[in-house]
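In what follows, a structure is listed as structure tokens, so that the remarks can point back to it.
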Amino acid sequence: QALRSFESHGEKKALVKRVLGTIAAFGVSPYPWQLLQNAVAYALRNAVEDLSRKCGENVGDASEILSRRVLHFQQAPFTLQRLCETLLD
């Protein structure tokens with residue numbers, strides 16, 4: 001239910017972390033990709049922006065480009081577990 005309302009309720013860092021943690025730990029998503037992809041795009045955007053701030057490098061539109069690409073997947077990428085592991089580190 002929380003993933004269904006993700007788009008309309010703004011940032012939900014704790015929810016995203018919990019959902020990605022489940023996928024990272026078990027290798028499968030208990031959620032349909034259509035519900036999950038906005039949360040993954042959000043986490044990816046935040047990770048790139050955090051890295052940019054820490055390194056003092058301007059990444060330009062990289063976070064937006066990557067998050068848009070995630071939203072274009074019709075199904076979860078086969079590397080979803082590894083992506084979730086990386087986003088949580």
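For the structure tokens, the naming scheme is as follows: chains receive sequential letters (A, B, ...) according to their order of presentation, residues are indexed from 1 within each chain, and ligands are indexed from 1 in presentation order.
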
**OP:** Could you find all residues in region 4-71 of chain A that DSSP calls helix (DSSP H, G or I) from the backbone, and write them as a PyMOL selection string?
**Re:** chain A and resi 7-9+13-26+33-55+62-71

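Once region 28-43 of chain A and its same-chain neighbours fewer than 2 positions away are set aside, Leu3, Arg4, Val16, Ile23, Phe26, Arg45, Asn46, Ala47, Ser67, Val70, Leu71, Gln75, Ala76 and Leu87 of chain A remain within 7 Å of it when counting only C-alpha atoms.
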
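CA of Leu88 (chain A) is found 12.2 Å from CA of Asp50 (chain A).
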
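Relative to CA of Val48 (chain A), CA of Asp61 (chain A) is found at 10.0 Å.
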
* Which residues, written as a list of chain:residue names, have at least one atom at most 12 Å from Leu51 (chain A), with only C-alpha atoms counted and residues fewer than 6 positions away on the same chain left out? -> A:Leu44, A:Arg45, A:Glu57, A:Asn58, A:Val59, A:Ala62, A:Ser63, A:Leu87, A:Asp89

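Our summary of the geometry notes that CA of Leu20 (chain A) is positioned 5.3 Å from CA of Cys84 (chain A).
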